[in-house]
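**Student:** To be precise about what I am sending: the file is called query_21.cif and holds mmCIF, C-alpha atoms.
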data_target
#
loop_
_atom_site.label_atom_id
_atom_site.label_comp_id
_atom_site.auth_asym_id
_atom_site.auth_seq_id
_atom_site.Cartn_x
_atom_site.Cartn_y
_atom_site.Cartn_z
CA MET A 57 422.49 89.29 40.37
CA ALA A 58 420.14 88.51 43.15
CA PHE A 59 418.70 85.34 41.64
CA SER A 60 421.10 82.44 41.98
CA GLY A 61 419.37 79.43 40.49
CA ASN A 62 416.17 77.48 41.02
CA PHE A 63 415.11 76.50 44.52
CA MET A 64 412.45 74.27 45.94
CA CYS A 65 411.49 76.02 49.15
CA THR A 66 412.30 74.03 52.26
CA SER A 67 409.06 75.13 53.90
CA PHE A 68 407.20 73.66 50.90
CA LYS A 69 408.78 70.25 51.53
CA LYS A 70 407.60 70.39 55.13
CA GLU A 71 404.14 71.50 54.05
CA LEU A 72 403.92 68.56 51.64
CA LEU A 73 404.32 66.25 54.64
CA GLU A 74 401.54 68.19 56.34
CA ALA A 75 399.21 67.83 53.32
CA GLY A 76 399.37 71.57 52.83
CA HIS A 77 399.31 71.59 49.03
CA ASN A 78 397.02 70.01 46.46
CA PHE A 79 398.17 70.04 42.82
CA LYS A 80 395.22 68.08 41.38
CA ASN A 81 393.64 69.58 38.29
CA SER A 82 390.18 69.15 39.74
CA GLY A 83 389.66 70.62 43.19
CA GLY A 84 393.31 71.51 43.75
CA ASN A 85 394.69 74.72 45.25
CA THR A 86 395.22 77.95 43.34
CA PHE A 87 398.86 78.35 42.42
CA ARG A 88 400.16 81.60 40.99
CA MET A 89 403.36 82.80 39.36
CA ALA A 90 404.64 86.18 40.50
CA LEU A 91 407.50 87.90 38.66
CA TYR A 92 410.41 89.72 40.27
CA THR A 93 413.18 92.15 39.51
CA ASP A 94 416.86 91.44 39.93
CA SER A 95 416.68 93.09 43.34
CA ALA A 96 414.68 90.21 44.77
CA SER A 97 416.68 88.02 47.11
CA PHE A 98 415.30 84.51 47.40
CA THR A 99 416.79 81.30 48.72
CA ALA A 100 415.51 77.87 49.68
CA ALA A 101 414.67 79.48 53.02
CA THR A 102 412.01 81.66 51.37
CA THR A 103 408.65 80.75 52.84
CA ALA A 104 405.97 82.95 51.28
CA TYR A 105 404.93 85.35 48.54
CA THR A 106 406.08 88.91 48.97
CA SER A 107 405.29 92.04 47.01
CA SER A 108 408.79 93.35 47.76
CA ASN A 109 410.74 93.67 44.49
CA GLU A 110 407.80 92.29 42.50
CA ILE A 111 407.81 93.78 39.01
CA THR A 112 405.59 96.61 37.85
CA ASN A 113 404.52 97.59 34.37
CA ASP A 114 406.74 99.98 32.43
CA ALA A 115 403.61 100.77 30.42
CA GLY A 116 400.07 99.45 30.30
CA SER A 117 398.49 97.19 32.90
CA ALA A 118 399.28 93.64 31.79
CA TYR A 119 400.89 92.68 35.10
CA THR A 120 399.04 92.83 38.39
CA ALA A 121 400.31 92.02 41.89
CA LYS A 122 400.64 88.26 42.57
CA GLY A 123 401.00 87.60 38.83
CA ASN A 124 398.92 85.07 36.94
CA SER A 125 397.22 81.94 38.19
CA LEU A 126 398.53 78.64 36.84
CA THR A 127 396.56 75.84 35.27
CA ARG A 128 397.35 72.66 37.19
CA VAL A 129 398.10 69.35 35.49
CA ASP A 130 397.32 66.25 37.54
CA PRO A 131 400.36 64.82 39.31
CA THR A 132 401.49 61.48 37.93
CA THR A 133 404.32 59.00 38.19
CA SER A 134 406.96 57.41 36.00
CA SER A 135 408.88 54.51 37.48
CA THR A 136 409.68 55.66 41.05
CA THR A 137 409.38 59.40 40.37
CA ALA A 138 406.25 61.47 41.03
CA TYR A 139 405.89 64.81 39.32
CA THR A 140 403.46 67.56 38.50
CA ASP A 141 403.20 70.19 35.79
CA PHE A 142 401.47 73.45 34.87
CA ALA A 143 400.26 74.81 31.55
CA ASP A 144 402.41 77.58 30.08
CA VAL A 145 401.54 81.02 31.40
CA SER A 146 401.52 84.25 29.36
CA TRP A 147 401.01 87.96 29.74
CA SER A 148 399.87 89.68 26.55
CA THR A 149 400.23 93.37 25.63
CA ALA A 150 403.05 93.30 28.15
CA THR A 151 405.67 95.97 28.71
CA PHE A 152 407.84 94.89 31.62
CA SER A 153 411.00 93.04 32.55
CA ALA A 154 411.58 90.20 35.00
CA MET A 155 414.61 88.34 36.26
CA GLY A 156 412.83 85.47 37.93
CA ALA A 157 409.63 84.16 39.41
CA MET A 158 408.03 82.55 42.42
CA ILE A 159 405.31 79.93 42.28
CA PHE A 160 403.22 80.13 45.41
CA ASN A 161 400.02 78.64 46.77
CA ASP A 162 397.41 81.36 46.86
CA SER A 163 395.01 79.01 48.68
CA HIS A 164 397.46 78.36 51.51
CA SER A 165 397.33 80.60 54.54
CA GLY A 166 400.18 83.05 54.22
CA ASP A 167 400.59 82.44 50.47
CA ALA A 168 403.18 79.72 50.96
CA SER A 169 406.00 79.67 48.42
CA VAL A 170 406.63 76.52 46.39
CA VAL A 171 409.60 77.13 44.10
CA ILE A 172 411.85 80.01 43.07
CA LEU A 173 412.72 80.19 39.38
CA ASP A 174 415.74 81.99 37.98
CA PHE A 175 415.27 83.10 34.36
CA GLY A 176 419.06 83.33 33.96
CA ALA A 177 418.87 86.81 32.46
CA LEU A 178 416.62 89.83 32.45
CA LYS A 179 413.67 89.04 30.18
CA THR A 180 411.83 91.97 28.62
CA ALA A 181 408.62 92.29 26.63
CA THR A 182 407.70 95.57 25.00
CA ALA A 183 404.12 95.88 23.80
CA GLY A 184 404.29 92.15 23.21
CA THR A 185 403.87 88.79 24.88
CA PHE A 186 405.77 87.51 27.90
CA THR A 187 405.41 83.74 28.16
CA VAL A 188 406.87 81.23 30.57
CA ALA A 189 406.98 77.69 29.20
CA PHE A 190 407.24 74.80 31.63
CA PRO A 191 409.61 71.91 30.89
CA ALA A 192 408.50 68.56 29.53
CA ALA A 193 406.32 66.75 32.03
CA ASP A 194 408.43 63.68 32.61
CA ALA A 195 410.48 62.10 35.38
CA SER A 196 413.67 63.88 34.31
CA ASN A 197 412.45 67.38 33.47
CA ALA A 198 409.11 68.20 35.09
CA ILE A 199 408.86 71.41 37.08
CA ILE A 200 408.35 69.65 40.44
CA ARG A 201 409.64 66.13 40.94
CA ILE A 202 409.90 63.78 43.90
CA ALA A 203 411.88 60.57 43.54
CA MET B 131 414.77 55.40 56.89
CA PHE B 132 413.61 56.43 53.44
CA ASP B 133 415.37 59.13 51.42
CA ILE B 134 413.29 61.29 49.15
CA ASP B 135 414.99 63.26 46.40
CA SER B 136 413.35 66.32 44.90
CA GLY B 137 414.02 68.28 41.74
CA ILE B 138 412.93 71.36 39.85
CA GLY B 139 412.78 71.71 36.07
CA ASN B 140 413.93 74.74 34.11
CA VAL B 141 411.35 77.06 32.61
CA THR B 142 411.88 78.83 29.30
CA VAL B 143 410.91 82.46 28.94
CA THR B 144 410.03 83.87 25.52
CA THR B 145 409.18 87.50 24.91
CA SER B 146 408.25 89.68 21.97
CA SER B 147 408.39 93.39 21.19
CA ASN B 148 405.79 95.36 19.30
CA GLY B 149 403.89 92.26 18.32
CA ASN B 150 402.74 88.92 19.57
CA LEU B 151 404.39 85.54 19.44
CA GLY B 152 403.36 84.05 16.12
CA PRO B 153 401.77 80.73 15.18
CA SER B 154 405.20 79.12 14.79
CA HIS B 155 405.94 79.69 18.49
CA TRP B 156 402.64 78.22 19.62
CA ALA B 157 402.95 75.31 17.20
CA GLU B 158 406.38 74.58 18.64
CA ARG B 159 404.94 74.61 22.17
CA ALA B 160 402.12 72.31 21.15
CA ALA B 161 404.54 69.90 19.47
CA SER B 162 406.78 69.92 22.56
CA ILE B 163 403.87 68.98 24.78
CA ILE B 164 402.57 66.28 22.41
CA ILE B 165 405.99 64.73 21.71
CA SER B 166 408.76 64.47 24.27
CA VAL B 167 411.94 62.57 23.46
CA GLY B 168 413.62 60.98 26.46
CA LYS B 169 417.35 61.54 26.80
CA ASP B 170 417.89 57.81 27.17
CA ALA B 171 415.77 56.86 24.15
CA HIS B 172 417.31 54.57 21.53
CA PRO B 173 418.79 56.76 18.73
CA THR B 174 416.52 55.22 16.10
CA ILE B 175 413.41 55.83 18.20
CA ALA B 176 414.60 59.34 19.07
CA GLU B 177 415.11 60.15 15.39
CA GLN B 178 411.63 58.91 14.51
CA ALA B 179 410.14 60.92 17.36
CA LYS B 180 411.92 64.08 16.19
CA GLU B 181 410.61 63.56 12.65
CA PHE B 182 407.11 63.08 13.98
CA LYS B 183 407.47 66.17 16.19
CA ALA B 184 408.45 68.24 13.14
CA TYR B 185 405.37 66.90 11.34
CA ILE B 186 403.15 67.79 14.32
CA HIS B 187 404.66 71.28 14.35
CA LYS B 188 403.78 71.83 10.69
CA ALA B 189 400.27 70.45 11.09
CA VAL B 190 399.49 72.51 14.19
CA GLN B 191 400.93 75.66 12.62
CA TYR B 192 398.77 75.16 9.53
CA PHE B 193 395.60 74.83 11.57
CA ILE B 194 396.50 77.80 13.78
CA TRP B 195 396.69 79.90 10.63
CA GLU B 196 393.36 78.48 9.46
CA ALA B 197 391.79 79.37 12.82
CA ILE B 198 393.22 82.90 12.59
CA LYS B 199 391.75 83.28 9.10
CA GLU B 200 388.37 82.04 10.31
CA ASP B 201 388.42 84.43 13.26
CA ARG B 202 389.43 87.40 11.10
CA SER B 203 386.67 86.51 8.65
CA LYS B 204 384.18 86.57 11.52
CA VAL B 205 385.48 89.97 12.71
CA ILE B 206 385.31 91.38 9.18
CA THR B 207 381.73 90.14 8.77
CA LEU B 208 380.68 91.67 12.09
CA LEU B 209 382.37 94.98 11.27
CA ARG B 210 380.68 95.16 7.83
CA SER B 211 377.29 94.29 9.26
CA ALA B 212 377.75 97.11 11.78
CA GLY B 213 378.60 99.55 8.98
CA HIS B 214 382.33 99.87 9.75
CA ASN B 215 383.58 99.19 6.24
CA ASP B 216 386.86 101.08 6.70
CA LEU B 217 387.74 99.02 9.74
CA ALA B 218 386.68 95.84 7.97
CA ASN B 219 388.93 96.69 5.03
CA SER B 220 391.85 97.32 7.40
CA VAL B 221 391.40 93.98 9.13
CA GLU B 222 391.11 92.29 5.73
CA LYS B 223 394.56 93.60 4.78
CA LEU B 224 396.27 92.14 7.87
#
As structure tokens, how would this structure be written, given the file I've shared?

**Tutor:**
Amino acid sequence: MAFSGNFMCTSFKKELLEAGHNFKNSGGNTFRMALYTDSASFTAATTAYTSSNEITNDAGSAYTAKGNSLTRVDPTTSSTTAYTDFADVSWSTATFSAMGAMIFNDSHSGDASVVILDFGALKTATAGTFTVAFPAADASNAIIRIA
Amino acid sequence: MFDIDSGIGNVTVTTSSNGNLGPSHWAERAASIIISVGKDAHPTIAEQAKEFKAYIHKAVQYFIWEAIKEDRSKVITLLRSAGHNDLANSVEKL
């Protein structure tokens, strides 16, 4: 297994301090989710989107390179924790498998990576729907949190 | 010096084969977004929230089905008005 858990990319943390990412719903950057096979090898040191080991369709054309764009939810806070969220993302009439995903900033020069997500197992859709649901948007579970 | 701690949540992947995810799945997602029960919530409050979440699930699922029926009705009407009665009959049987 090439995926070994979820990672927040170290380069992303640095870029946050450089105001390199904007998660606001209105006027924010374009973030995308790309899907990968088990051959992908990502760590916290991953810095950018790559087409290497990105999935392809076993049939049909539901998936295209760079995956789907994400709908941003305004960052907010709870107590001392700040967090942001995305709307669930789906591919319909999908026939493909994926082991994990990368969220990256398509607006950032070089397609800077944000987080690496390990699905925990190979997920397959066959002439169906492939949907990725984000966790509850709160201080304990949100997809990206800073405390 | 200030320490900043970061965290990543876990996504959930759901797939289907030879069909789409049904209204129950989408109703569950809607209910999960509308109602979130904190892990530290008082048991009585948590129980009430779970009951309310189940109610939201049922309500959303009902209206998803109603919307599907409305949409199919529209498709059937358009097909009939275009003279495609066979197709309209097929959609009506879904």

**Student:** So that I can see what lies close to range 58-64 of chain A, please list as a PyMOL selection string the residues with an atom at most 12 Å from it, counting only C-alpha atoms and leaving out residues fewer than 3 positions away in the same chain.

**Tutor:** (chain A and resi 67-72+91-103+109+154-160+168-178+199-202) or (chain B and resi 135-141)

**Student:** Evaluate the PyMOL selection byres ((chain A) within 6 of (chain B)) here and jot the selected residues down as a PyMOL selection string.

**Tutor:** chain A and resi 181-191+197-203

**Student:** Enumerate, as a VMD selection string, the residues matched when the PyMOL selection byres ((chain A and resi 80) around 7) is run on the file above.

**Tutor:** chain A and resid 78 to 79 81 to 84 128 to 131

**Student:** A:Ala192, A:Ile111, A:Ala90, A:Leu73: which is nearest Ala143 in chain A, counting all atoms listed in the file?

**Tutor:** A:Ala192

**Student:** I want to know what sits within 10 Å of Tyr185 in chain B, based on all atoms listed in the file, with residues of the same chain fewer than 6 positions away left out; could you give that as a tab-separated table (two decimals) with C-alpha atoms, in the frame of the given file?

**Tutor:**
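Output file selection-v8.tsv follows:
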chain	number	residue	atom	x	y	z
B	161	ALA	CA	404.54	69.90	19.47
B	179	ALA	CA	410.14	60.92	17.36
B	191	GLN	CA	400.93	75.66	12.62

**Student:** Given the PyMOL selection byres ((chain B and resi 206) around 8) and the file above, list the residues it selects as JSON, numbers by chain.

**Tutor:** {"B": [202, 203, 204, 205, 207, 208, 209, 210, 218, 219, 221, 222]}
